[in-house]
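> Got a structure for you, upload07.pdb, holding PDB, C-alpha atoms.
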```pdb
ATOM      1  CA  MET A   1     -18.274  70.971 -42.776
ATOM      2  CA  THR A   2     -21.213  70.204 -45.044
ATOM      3  CA  SER A   3     -20.960  67.214 -47.385
ATOM      4  CA  ILE A   4     -21.838  67.539 -51.084
ATOM      5  CA  VAL A   5     -21.942  64.968 -53.889
ATOM      6  CA  VAL A   6     -22.008  66.168 -57.487
ATOM      7  CA  LEU A   7     -23.507  63.988 -60.208
ATOM      8  CA  GLY A   8     -22.494  65.787 -63.353
ATOM      9  CA  SER A   9     -20.267  66.499 -66.311
ATOM     10  CA  THR A  10     -16.521  66.901 -66.554
ATOM     11  CA  ASN A  11     -15.261  68.728 -69.661
ATOM     12  CA  MET A  12     -12.141  70.382 -70.930
ATOM     13  CA  ASP A  13     -12.988  73.983 -71.824
ATOM     14  CA  LEU A  14     -11.357  75.156 -75.063
ATOM     15  CA  VAL A  15     -11.597  78.921 -74.708
ATOM     16  CA  ALA A  16     -10.949  81.565 -77.373
ATOM     17  CA  TYR A  17     -10.842  85.203 -76.230
ATOM     18  CA  VAL A  18     -12.004  87.645 -78.920
ATOM     19  CA  PRO A  19     -12.891  91.359 -79.155
ATOM     20  CA  ARG A  20     -16.374  90.288 -80.216
ATOM     21  CA  ALA A  21     -18.048  86.992 -81.062
ATOM     22  CA  PRO A  22     -18.308  86.175 -84.785
ATOM     23  CA  ALA A  23     -21.628  86.287 -86.608
ATOM     24  CA  LEU A  24     -22.771  83.213 -88.520
ATOM     25  CA  GLY A  25     -20.332  82.627 -91.390
ATOM     26  CA  GLU A  26     -17.872  85.229 -90.125
ATOM     27  CA  THR A  27     -14.246  84.735 -89.056
ATOM     28  CA  VAL A  28     -12.688  86.948 -86.391
ATOM     29  CA  THR A  29      -9.154  87.039 -84.999
ATOM     30  CA  GLY A  30      -8.802  86.028 -81.375
ATOM     31  CA  ARG A  31      -6.317  87.503 -78.941
ATOM     32  CA  SER A  32      -5.616  84.338 -76.902
ATOM     33  CA  PHE A  33      -6.579  80.693 -76.382
ATOM     34  CA  ARG A  34      -6.604  78.531 -73.240
ATOM     35  CA  THR A  35      -7.553  74.999 -72.244
ATOM     36  CA  ILE A  36      -9.198  75.062 -68.820
ATOM     37  CA  PRO A  37     -10.739  72.133 -66.885
ATOM     38  CA  GLY A  38     -14.499  72.613 -66.639
ATOM     39  CA  GLY A  39     -17.921  71.062 -67.166
ATOM     40  CA  LYS A  40     -20.917  72.167 -65.131
ATOM     41  CA  GLY A  41     -20.596  69.247 -62.719
ATOM     42  CA  ALA A  42     -16.870  69.600 -62.163
ATOM     43  CA  ASN A  43     -17.191  73.382 -61.916
ATOM     44  CA  GLN A  44     -19.801  73.107 -59.173
ATOM     45  CA  ALA A  45     -17.656  70.529 -57.390
ATOM     46  CA  VAL A  46     -14.614  72.820 -57.433
ATOM     47  CA  ALA A  47     -16.684  75.824 -56.361
ATOM     48  CA  ALA A  48     -18.184  73.945 -53.421
ATOM     49  CA  ALA A  49     -14.833  72.512 -52.340
ATOM     50  CA  ARG A  50     -13.132  75.914 -52.432
ATOM     51  CA  ALA A  51     -16.083  77.392 -50.524
ATOM     52  CA  GLY A  52     -15.493  74.958 -47.689
ATOM     53  CA  ALA A  53     -17.469  71.756 -48.325
ATOM     54  CA  GLU A  54     -16.393  68.133 -48.385
ATOM     55  CA  VAL A  55     -17.089  67.186 -52.027
ATOM     56  CA  ALA A  56     -17.180  63.994 -54.091
ATOM     57  CA  MET A  57     -17.746  63.679 -57.857
ATOM     58  CA  ILE A  58     -19.733  61.090 -59.826
ATOM     59  CA  GLY A  59     -19.284  61.209 -63.605
ATOM     60  CA  ALA A  60     -16.925  60.090 -66.356
ATOM     61  CA  ILE A  61     -13.764  61.111 -68.191
ATOM     62  CA  GLY A  62     -12.185  59.626 -71.308
ATOM     63  CA  THR A  63      -8.894  57.887 -71.924
ATOM     64  CA  ASP A  64      -7.468  60.871 -73.817
ATOM     65  CA  GLY A  65      -4.995  63.349 -72.383
ATOM     66  CA  PHE A  66      -7.790  65.641 -71.268
ATOM     67  CA  GLY A  67      -9.156  62.935 -68.968
ATOM     68  CA  ALA A  68      -5.990  62.695 -66.901
ATOM     69  CA  GLN A  69      -5.841  66.505 -66.609
ATOM     70  CA  LEU A  70      -9.474  66.698 -65.506
ATOM     71  CA  ARG A  71      -9.029  64.097 -62.775
ATOM     72  CA  ALA A  72      -5.823  65.731 -61.558
ATOM     73  CA  THR A  73      -7.511  69.137 -61.367
ATOM     74  CA  LEU A  74     -10.401  67.821 -59.277
ATOM     75  CA  GLU A  75      -8.034  66.014 -56.933
ATOM     76  CA  HIS A  76      -5.866  69.127 -56.595
ATOM     77  CA  CYS A  77      -9.017  70.968 -55.481
ATOM     78  CA  ALA A  78      -9.667  68.286 -52.811
ATOM     79  CA  VAL A  79     -12.611  66.732 -54.678
ATOM     80  CA  ASP A  80     -12.959  62.967 -54.118
ATOM     81  CA  THR A  81     -12.755  61.260 -57.544
ATOM     82  CA  ASP A  82     -12.998  57.607 -56.465
ATOM     83  CA  LEU A  83     -16.286  57.236 -58.376
ATOM     84  CA  LEU A  84     -15.274  59.324 -61.388
ATOM     85  CA  ARG A  85     -15.263  56.662 -64.106
ATOM     86  CA  THR A  86     -12.691  56.386 -66.896
ATOM     87  CA  VAL A  87     -14.231  55.138 -70.141
ATOM     88  CA  GLU A  88     -12.683  54.367 -73.517
ATOM     89  CA  GLY A  89     -12.759  57.331 -75.898
ATOM     90  CA  PRO A  90     -12.653  61.123 -75.666
ATOM     91  CA  SER A  91     -13.502  63.236 -72.660
ATOM     92  CA  GLY A  92     -16.208  65.873 -72.881
ATOM     93  CA  THR A  93     -15.254  69.249 -74.293
ATOM     94  CA  ALA A  94     -16.782  72.728 -74.220
ATOM     95  CA  HIS A  95     -15.885  75.121 -77.026
ATOM     96  CA  ILE A  96     -16.193  78.653 -75.659
ATOM     97  CA  VAL A  97     -15.876  82.136 -77.168
ATOM     98  CA  VAL A  98     -15.433  84.976 -74.660
ATOM     99  CA  ASP A  99     -15.712  88.593 -75.839
ATOM    100  CA  ASP A 100     -14.193  91.742 -74.372
ATOM    101  CA  GLU A 101     -17.366  92.440 -72.368
ATOM    102  CA  GLY A 102     -16.983  89.125 -70.530
ATOM    103  CA  GLY A 103     -19.919  87.503 -72.340
ATOM    104  CA  ASN A 104     -19.644  84.005 -73.763
ATOM    105  CA  ALA A 105     -21.104  81.504 -76.217
ATOM    106  CA  ILE A 106     -20.597  77.773 -75.637
ATOM    107  CA  VAL A 107     -20.885  74.516 -77.594
ATOM    108  CA  VAL A 108     -20.650  71.352 -75.468
ATOM    109  CA  VAL A 109     -19.610  67.973 -76.933
ATOM    110  CA  PRO A 110     -20.519  65.327 -74.280
ATOM    111  CA  GLY A 111     -17.845  62.691 -74.991
ATOM    112  CA  ALA A 112     -17.449  60.434 -71.955
ATOM    113  CA  ASN A 113     -20.261  62.225 -70.135
ATOM    114  CA  GLY A 114     -22.744  60.602 -72.500
ATOM    115  CA  THR A 115     -21.829  57.147 -71.177
ATOM    116  CA  VAL A 116     -23.148  57.855 -67.676
ATOM    117  CA  THR A 117     -26.607  56.380 -68.156
ATOM    118  CA  SER A 118     -27.271  54.774 -64.761
ATOM    119  CA  LEU A 119     -25.995  54.722 -61.184
ATOM    120  CA  THR A 120     -23.935  51.948 -59.649
ATOM    121  CA  HIS A 121     -24.500  50.635 -56.126
ATOM    122  CA  GLY A 122     -21.391  52.571 -55.131
ATOM    123  CA  ASP A 123     -22.843  55.777 -56.568
ATOM    124  CA  GLU A 124     -26.055  55.289 -54.586
ATOM    125  CA  ALA A 125     -24.137  54.620 -51.379
ATOM    126  CA  LEU A 126     -22.052  57.756 -51.872
ATOM    127  CA  ILE A 127     -25.143  59.888 -52.455
ATOM    128  CA  GLY A 128     -26.552  58.561 -49.194
ATOM    129  CA  THR A 129     -23.588  59.992 -47.259
ATOM    130  CA  ALA A 130     -24.182  63.563 -48.473
ATOM    131  CA  ASP A 131     -26.151  66.501 -47.129
ATOM    132  CA  THR A 132     -26.746  67.769 -50.677
ATOM    133  CA  LEU A 133     -26.702  66.318 -54.200
ATOM    134  CA  LEU A 134     -25.918  68.789 -56.997
ATOM    135  CA  LEU A 135     -27.348  67.984 -60.441
ATOM    136  CA  GLN A 136     -27.208  69.612 -63.882
ATOM    137  CA  LEU A 137     -28.295  68.539 -67.383
ATOM    138  CA  GLU A 138     -24.985  67.795 -69.140
ATOM    139  CA  LEU A 139     -25.378  64.075 -68.378
ATOM    140  CA  PRO A 140     -28.135  61.958 -69.973
ATOM    141  CA  LEU A 141     -31.482  62.962 -68.494
ATOM    142  CA  PRO A 142     -32.424  59.458 -67.217
ATOM    143  CA  VAL A 143     -29.408  59.279 -64.885
ATOM    144  CA  VAL A 144     -30.083  62.803 -63.616
ATOM    145  CA  ALA A 145     -33.630  61.727 -62.745
ATOM    146  CA  GLU A 146     -32.302  58.520 -61.163
ATOM    147  CA  GLY A 147     -29.867  60.521 -59.057
ATOM    148  CA  ALA A 148     -32.607  62.853 -57.838
ATOM    149  CA  ALA A 149     -34.909  59.938 -56.998
ATOM    150  CA  THR A 150     -32.098  58.201 -55.114
ATOM    151  CA  ALA A 151     -31.367  61.329 -53.114
ATOM    152  CA  ARG A 152     -35.056  61.787 -52.286
ATOM    153  CA  ARG A 153     -35.313  58.160 -51.125
ATOM    154  CA  LEU A 154     -32.229  58.567 -48.926
ATOM    155  CA  GLY A 155     -33.262  61.921 -47.431
ATOM    156  CA  VAL A 156     -30.594  63.973 -49.245
ATOM    157  CA  ARG A 157     -31.383  67.524 -50.404
ATOM    158  CA  THR A 158     -31.347  67.901 -54.209
ATOM    159  CA  VAL A 159     -30.296  71.072 -56.024
ATOM    160  CA  LEU A 160     -30.849  71.058 -59.798
ATOM    161  CA  THR A 161     -29.381  73.499 -62.315
ATOM    162  CA  PRO A 162     -31.584  73.052 -65.432
ATOM    163  CA  SER A 163     -28.821  73.769 -67.934
ATOM    164  CA  PRO A 164     -28.722  73.342 -70.848
ATOM    165  CA  ALA A 165     -32.437  74.191 -70.765
ATOM    166  CA  GLN A 166     -34.792  71.435 -71.872
ATOM    167  CA  PRO A 167     -38.204  70.069 -70.820
ATOM    168  CA  LEU A 168     -37.952  68.417 -67.408
ATOM    169  CA  PRO A 169     -39.789  65.147 -66.758
ATOM    170  CA  PRO A 170     -42.308  65.189 -63.895
ATOM    171  CA  GLU A 171     -40.389  62.537 -61.953
ATOM    172  CA  LEU A 172     -37.271  64.720 -61.909
ATOM    173  CA  LEU A 173     -39.169  67.788 -60.734
ATOM    174  CA  ALA A 174     -40.935  65.715 -58.079
ATOM    175  CA  ALA A 175     -37.549  64.738 -56.609
ATOM    176  CA  THR A 176     -36.027  68.252 -56.767
ATOM    177  CA  ASP A 177     -35.876  70.353 -53.596
ATOM    178  CA  LEU A 178     -34.301  73.498 -55.061
ATOM    179  CA  LEU A 179     -34.294  74.505 -58.727
ATOM    180  CA  VAL A 180     -31.668  77.093 -59.785
ATOM    181  CA  PRO A 181     -32.215  78.339 -63.368
ATOM    182  CA  ASN A 182     -30.905  81.576 -64.767
ATOM    183  CA  GLU A 183     -33.490  84.017 -66.118
ATOM    184  CA  HIS A 184     -33.234  82.618 -69.663
ATOM    185  CA  GLU A 185     -33.646  79.023 -68.495
ATOM    186  CA  ALA A 186     -36.585  80.019 -66.294
ATOM    187  CA  ALA A 187     -38.246  81.664 -69.302
ATOM    188  CA  ALA A 188     -37.586  78.589 -71.454
ATOM    189  CA  LEU A 189     -39.128  76.292 -68.823
ATOM    190  CA  THR A 190     -42.226  78.395 -68.228
ATOM    191  CA  GLY A 191     -42.738  80.569 -71.309
ATOM    192  CA  LEU A 192     -42.734  83.600 -68.985
ATOM    193  CA  ALA A 193     -40.166  86.375 -69.408
ATOM    194  CA  ASP A 194     -40.818  88.028 -66.047
ATOM    195  CA  PRO A 195     -38.667  86.286 -63.376
ATOM    196  CA  ARG A 196     -41.263  86.682 -60.618
ATOM    197  CA  ALA A 197     -43.991  85.178 -62.778
ATOM    198  CA  ALA A 198     -41.624  82.393 -63.852
ATOM    199  CA  ALA A 199     -40.714  81.650 -60.228
ATOM    200  CA  GLU A 200     -44.376  81.451 -59.263
ATOM    201  CA  ALA A 201     -45.012  79.021 -62.121
ATOM    202  CA  LEU A 202     -42.021  76.843 -61.174
ATOM    203  CA  LEU A 203     -43.245  76.595 -57.583
ATOM    204  CA  ARG A 204     -46.100  74.454 -58.847
ATOM    205  CA  ASP A 205     -43.499  71.745 -59.482
ATOM    206  CA  VAL A 206     -40.747  72.311 -56.885
ATOM    207  CA  PRO A 207     -40.810  73.703 -53.323
ATOM    208  CA  GLU A 208     -38.003  76.275 -53.752
ATOM    209  CA  VAL A 209     -36.598  78.244 -56.683
ATOM    210  CA  VAL A 210     -33.642  80.589 -57.103
ATOM    211  CA  ILE A 211     -33.522  82.474 -60.409
ATOM    212  CA  THR A 212     -30.156  84.060 -61.110
ATOM    213  CA  LEU A 213     -30.328  87.441 -62.858
ATOM    214  CA  GLY A 214     -26.693  88.143 -63.755
ATOM    215  CA  ALA A 215     -25.564  91.579 -62.662
ATOM    216  CA  ALA A 216     -29.027  92.220 -61.182
ATOM    217  CA  GLY A 217     -28.581  89.539 -58.513
ATOM    218  CA  SER A 218     -31.010  86.719 -57.797
ATOM    219  CA  LEU A 219     -34.593  86.008 -56.822
ATOM    220  CA  TYR A 220     -35.546  83.430 -54.177
ATOM    221  CA  ALA A 221     -39.059  82.019 -53.993
ATOM    222  CA  ALA A 222     -40.587  79.310 -51.823
ATOM    223  CA  ARG A 223     -44.076  77.977 -51.420
ATOM    224  CA  GLY A 224     -46.052  79.917 -48.836
ATOM    225  CA  ALA A 225     -43.579  82.812 -48.613
ATOM    226  CA  ASP A 226     -42.996  86.147 -50.326
ATOM    227  CA  PRO A 227     -40.202  86.216 -52.934
ATOM    228  CA  VAL A 228     -36.886  87.714 -51.842
ATOM    229  CA  ALA A 229     -34.727  89.693 -54.292
ATOM    230  CA  VAL A 230     -31.034  89.912 -53.427
ATOM    231  CA  PRO A 231     -28.888  92.421 -55.375
ATOM    232  CA  ALA A 232     -25.488  91.435 -56.707
ATOM    233  CA  PRO A 233     -22.260  93.219 -55.768
ATOM    234  CA  ARG A 234     -20.990  95.736 -58.317
ATOM    235  CA  VAL A 235     -18.014  94.391 -60.213
ATOM    236  CA  ARG A 236     -16.312  94.790 -63.594
ATOM    237  CA  ALA A 237     -16.586  91.451 -65.392
ATOM    238  CA  VAL A 238     -13.610  90.009 -67.266
ATOM    239  CA  ASP A 239     -15.089  86.553 -68.009
ATOM    240  CA  THR A 240     -18.515  85.327 -66.880
ATOM    241  CA  THR A 241     -17.818  81.686 -67.794
ATOM    242  CA  GLY A 242     -18.525  79.512 -64.750
ATOM    243  CA  ALA A 243     -20.124  82.288 -62.690
ATOM    244  CA  GLY A 244     -23.406  80.416 -62.450
ATOM    245  CA  ASP A 245     -21.644  77.245 -61.321
ATOM    246  CA  THR A 246     -19.656  79.220 -58.772
ATOM    247  CA  PHE A 247     -22.941  80.613 -57.451
ATOM    248  CA  VAL A 248     -24.576  77.182 -57.180
ATOM    249  CA  GLY A 249     -21.578  75.551 -55.499
ATOM    250  CA  ALA A 250     -21.257  78.346 -52.960
ATOM    251  CA  LEU A 251     -25.031  78.437 -52.405
ATOM    252  CA  ALA A 252     -25.084  74.715 -51.635
ATOM    253  CA  VAL A 253     -22.341  75.246 -49.063
ATOM    254  CA  ALA A 254     -24.103  78.206 -47.441
ATOM    255  CA  LEU A 255     -27.448  76.402 -47.244
ATOM    256  CA  GLY A 256     -25.770  73.223 -46.005
ATOM    257  CA  GLU A 257     -24.237  75.237 -43.182
ATOM    258  CA  GLY A 258     -27.686  76.498 -42.180
ATOM    259  CA  ARG A 259     -27.466  80.114 -43.342
ATOM    260  CA  PRO A 260     -30.845  81.817 -43.931
ATOM    261  CA  ALA A 261     -31.858  81.986 -47.601
ATOM    262  CA  ALA A 262     -31.204  85.708 -48.118
ATOM    263  CA  GLU A 263     -27.772  85.506 -46.489
ATOM    264  CA  ALA A 264     -26.934  82.335 -48.414
ATOM    265  CA  LEU A 265     -27.815  84.047 -51.701
ATOM    266  CA  ALA A 266     -25.748  87.113 -50.865
ATOM    267  CA  TRP A 267     -22.774  84.930 -49.896
ATOM    268  CA  ALA A 268     -23.061  82.922 -53.123
ATOM    269  CA  GLN A 269     -23.344  86.116 -55.184
ATOM    270  CA  THR A 270     -20.165  87.360 -53.566
ATOM    271  CA  ALA A 271     -18.415  84.182 -54.715
ATOM    272  CA  ALA A 272     -19.773  84.608 -58.255
ATOM    273  CA  ALA A 273     -18.728  88.270 -58.331
ATOM    274  CA  LEU A 274     -15.187  87.294 -57.376
ATOM    275  CA  SER A 275     -15.122  84.658 -60.120
ATOM    276  CA  VAL A 276     -16.023  87.001 -62.997
ATOM    277  CA  ARG A 277     -13.003  89.210 -62.274
ATOM    278  CA  ARG A 278     -10.701  86.488 -63.611
ATOM    279  CA  GLU A 279     -10.530  84.475 -66.825
ATOM    280  CA  GLY A 280     -11.713  80.891 -66.964
ATOM    281  CA  ALA A 281     -14.278  78.813 -65.116
ATOM    282  CA  SER A 282     -12.702  76.508 -62.521
ATOM    283  CA  THR A 283      -9.530  78.606 -62.494
ATOM    284  CA  SER A 284     -11.449  81.721 -61.439
ATOM    285  CA  MET A 285     -13.388  80.226 -58.516
ATOM    286  CA  PRO A 286     -12.614  81.836 -55.145
ATOM    287  CA  TYR A 287     -11.579  80.209 -51.887
ATOM    288  CA  ARG A 288     -13.630  80.510 -48.722
ATOM    289  CA  VAL A 289     -11.267  82.996 -47.087
ATOM    290  CA  ASP A 290     -11.673  85.351 -50.053
ATOM    291  CA  ILE A 291     -15.455  84.946 -50.145
ATOM    292  CA  GLU A 292     -15.714  85.735 -46.427
ATOM    293  CA  ALA A 293     -13.467  88.792 -46.742
ATOM    294  CA  ALA A 294     -15.426  90.209 -49.679
ATOM    295  CA  PHE A 295     -18.756  89.361 -48.031
ATOM    296  CA  ARG A 296     -17.773  91.385 -44.967
ATOM    297  CA  SER A 297     -16.491  94.244 -47.139
ATOM    298  CA  PRO A 298     -18.527  94.289 -50.380
ATOM    299  CA  GLY A 299     -17.047  97.627 -51.450
ATOM    300  CA  SER A 300     -13.747  95.866 -52.075
ATOM    301  CA  LEU A 301     -15.278  94.127 -55.098
ATOM    302  CA  GLU A 302     -15.577  97.430 -56.954
ATOM    303  CA  ALA A 303     -11.806  97.811 -57.115
ATOM    304  CA  GLY A 304     -11.671  95.726 -60.293
ATOM    305  CA  PRO A 305      -9.777  92.557 -61.271
ATOM    306  CA  VAL A 306      -7.187  91.117 -58.919
TER     307      VAL A 306
END
```
The structure in this file should be written as structure tokens.


Amino acid sequence: MTSIVVLGSTNMDLVAYVPRAPALGETVTGRSFRTIPGGKGANQAVAAARAGAEVAMIGAIGTDGFGAQLRATLEHCAVDTDLLRTVEGPSGTAHIVVDDEGGNAIVVVPGANGTVTSLTHGDEALIGTADTLLLQLELPLPVVAEGAATARRLGVRTVLTPSPAQPLPPELLAATDLLVPNEHEAAALTGLADPRAAAEALLRDVPEVVITLGAAGSLYAARGADPVAVPAPRVRAVDTTGAGDTFVGALAVALGEGRPAAEALAWAQTAAALSVRREGASTSMPYRVDIEAAFRSPGSLEAGPV
């Protein structure tokens, strides 16, 4: 069993389901509303735990009712929360609109996540026990960079999801082993719309890149090797929220278990394809037994939502 530590955000997702997203200044009538535990960090933690890893979470929740729900959800998913801090004030929230095509628009309010500005000695010790450290950009950038530098010093593989997209400091890139942007984030980081050109540009700063391409699959690139494109399974999407985090969590598990890159990407894409057939982020993430079954029989994914 591979060991993963996640340094990242924990939010409550406030999700409105609508026929179509409203334009600026417009009001539309939604068909349903749900509160779902999420946050890019917590989502990746849940995805990795369900995919078969031993997972621990570093981050923060608030003293509001959402905080207790977020901790309970992580613990129910077998994520170690001993170093998930509780701080005075509100937990982070994500305000999400999901349309009938499964697309989404998201506004994140950091709340307690914004208080995680540095690592404790306990955080550093926990990172040192892991095979992989998962990072995203919903915590303050200095602590993300500190986490990556700590992992590099301790010989722990770092996987960074550069979301929400923003300029990345050289010290963070220098301590990143694998960068996993989606195609829009890759374009924002490089100014290049073509994923292959963007991957080549990113390899100047990091040794490995995976660019996720939605329904088109993903592109893997490494220094000194030809890029590898891996198609995604065909599936009818109900809600794409959390699909990228599902992919990253499952990918970290597959790579931690020593699967070759192309197989690891295909396995992670199977997990993401399963997740988009259900509503929600953390609530839609598949378990290892389901990922393995669908990976062995990819045609089963075309049957539609389950």

> Tell me, counting all atoms listed in the file, for each residue of stretch 170-277 of chain A within 10 Å of stretch 129-135 of chain A, which pair of atoms is nearest and how far apart they are in Å to one decimal, in rows ordered by chain and increasing number, as a Markdown table.


```
| residue | atom | partner | partner_atom | distance |
| --- | --- | --- | --- | --- |
| A:Thr176 | CA | A:Leu135 | CA | 9.4 |
| A:Asp177 | CA | A:Thr132 | CA | 9.9 |
| A:Leu178 | CA | A:Leu134 | CA | 9.8 |
| A:Leu179 | CA | A:Leu135 | CA | 9.7 |
| A:Val248 | CA | A:Leu134 | CA | 8.5 |
| A:Gly249 | CA | A:Leu134 | CA | 8.2 |
| A:Ala252 | CA | A:Thr132 | CA | 7.2 |
| A:Val253 | CA | A:Thr132 | CA | 8.8 |
| A:Leu255 | CA | A:Thr132 | CA | 9.3 |
| A:Gly256 | CA | A:Asp131 | CA | 6.8 |
| A:Glu257 | CA | A:Asp131 | CA | 9.8 |
```

> Please tabulate, as a Markdown table, the residues of stretch 102-214 of chain A that come within 10 Å of stretch 32-44 of chain A, each with its closest pair of atoms and the distance in Å to one decimal, counting all atoms listed in the file and ordering rows by chain, then residue number upward.


```
| residue | atom | partner | partner_atom | distance |
| --- | --- | --- | --- | --- |
| A:Val108 | CA | A:Gly39 | CA | 8.7 |
| A:Pro110 | CA | A:Gly39 | CA | 9.5 |
| A:Asn113 | CA | A:Gly39 | CA | 9.6 |
| A:Leu134 | CA | A:Gln44 | CA | 7.8 |
| A:Leu135 | CA | A:Gly41 | CA | 7.2 |
| A:Gln136 | CA | A:Gly41 | CA | 6.7 |
| A:Leu137 | CA | A:Lys40 | CA | 8.5 |
| A:Glu138 | CA | A:Lys40 | CA | 7.2 |
| A:Leu139 | CA | A:Gly41 | CA | 9.0 |
| A:Thr161 | CA | A:Lys40 | CA | 9.0 |
| A:Ser163 | CA | A:Lys40 | CA | 8.5 |
| A:Pro164 | CA | A:Lys40 | CA | 9.7 |
```

> For atom CA of A:Trp267 and atom CA of A:Val235, determine how far apart the two atoms are, in Å to one decimal place.

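Between atom CA of A:Trp267 and atom CA of A:Val235 the gap is 14.8 Å.
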
> Measure the distance from atom CA of A:Asn11 to atom CA of A:Ser284 in Å and round it to one decimal.

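Atom CA of A:Ser284 lies at a distance of 15.8 Å from atom CA of A:Asn11.
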
> Taking the file as I've supplied it (selection: the PyMOL selection byres ((chain A and resi 262) around 8)), which residues are included? Please answer as a PyMOL selection string.

chain A and resi 220+228+230+260-261+263-266

> Going by the chain IDs and residue numbers used in this file, which residues fall under the PyMOL selection byres ((chain A and resi 49) around 12)? Write them as JSON, numbers by chain.

{"A": [1, 2, 3, 4, 5, 6, 42, 43, 44, 45, 46, 47, 48, 50, 51, 52, 53, 54, 55, 56, 57, 74, 75, 76, 77, 78, 79, 80, 246, 248, 249, 250, 251, 252, 253, 254, 282, 285, 286, 287, 288]}

> Apply the PyMOL selection byres ((chain A and resi 151-156) around 6) to the displayed file and report the matching residues as a VMD selection string.

chain A and resid 128 131 to 132 148 to 150 157 175

> Would you mind completing stretch 205-218 of chain A to N, CA, C and O atoms and writing the output as a tab-separated table (two decimals), in the frame of the given file?


```tsv
chain	number	residue	atom	x	y	z
A	205	ASP	N	-44.17	73.03	-59.31
A	205	ASP	CA	-43.50	71.74	-59.48
A	205	ASP	C	-42.44	71.46	-58.44
A	205	ASP	O	-42.13	70.29	-58.16
A	206	VAL	N	-41.82	72.50	-57.87
A	206	VAL	CA	-40.75	72.31	-56.88
A	206	VAL	C	-41.00	73.24	-55.70
A	206	VAL	O	-41.61	74.30	-55.85
A	207	PRO	N	-40.52	72.88	-54.50
A	207	PRO	CA	-40.81	73.70	-53.32
A	207	PRO	C	-40.03	74.99	-53.23
A	207	PRO	O	-40.48	75.95	-52.58
A	208	GLU	N	-38.83	75.07	-53.83
A	208	GLU	CA	-38.00	76.28	-53.75
A	208	GLU	C	-37.35	76.54	-55.10
A	208	GLU	O	-36.96	75.60	-55.80
A	209	VAL	N	-37.21	77.83	-55.43
A	209	VAL	CA	-36.60	78.24	-56.68
A	209	VAL	C	-35.67	79.42	-56.40
A	209	VAL	O	-36.03	80.33	-55.64
A	210	VAL	N	-34.50	79.41	-57.03
A	210	VAL	CA	-33.64	80.59	-57.10
A	210	VAL	C	-33.40	80.87	-58.58
A	210	VAL	O	-32.89	80.01	-59.31
A	211	ILE	N	-33.79	82.05	-59.03
A	211	ILE	CA	-33.52	82.47	-60.41
A	211	ILE	C	-32.38	83.47	-60.38
A	211	ILE	O	-32.47	84.51	-59.71
A	212	THR	N	-31.29	83.14	-61.06
A	212	THR	CA	-30.16	84.06	-61.11
A	212	THR	C	-30.38	85.06	-62.23
A	212	THR	O	-30.87	84.72	-63.31
A	213	LEU	N	-30.01	86.33	-61.97
A	213	LEU	CA	-30.33	87.44	-62.86
A	213	LEU	C	-29.08	88.18	-63.32
A	213	LEU	O	-29.14	89.36	-63.67
A	214	GLY	N	-27.93	87.51	-63.32
A	214	GLY	CA	-26.69	88.14	-63.76
A	214	GLY	C	-26.32	89.30	-62.85
A	214	GLY	O	-26.35	89.17	-61.61
A	215	ALA	N	-26.00	90.42	-63.44
A	215	ALA	CA	-25.56	91.58	-62.66
A	215	ALA	C	-26.66	92.13	-61.76
A	215	ALA	O	-26.37	92.88	-60.82
A	216	ALA	N	-27.92	91.74	-62.01
A	216	ALA	CA	-29.03	92.22	-61.18
A	216	ALA	C	-29.21	91.41	-59.90
A	216	ALA	O	-30.02	91.79	-59.06
A	217	GLY	N	-28.48	90.31	-59.75
A	217	GLY	CA	-28.58	89.54	-58.51
A	217	GLY	C	-29.35	88.25	-58.68
A	217	GLY	O	-29.19	87.53	-59.67
A	218	SER	N	-30.25	87.96	-57.75
A	218	SER	CA	-31.01	86.72	-57.80
A	218	SER	C	-32.35	86.90	-57.09
A	218	SER	O	-32.54	87.83	-56.30
```
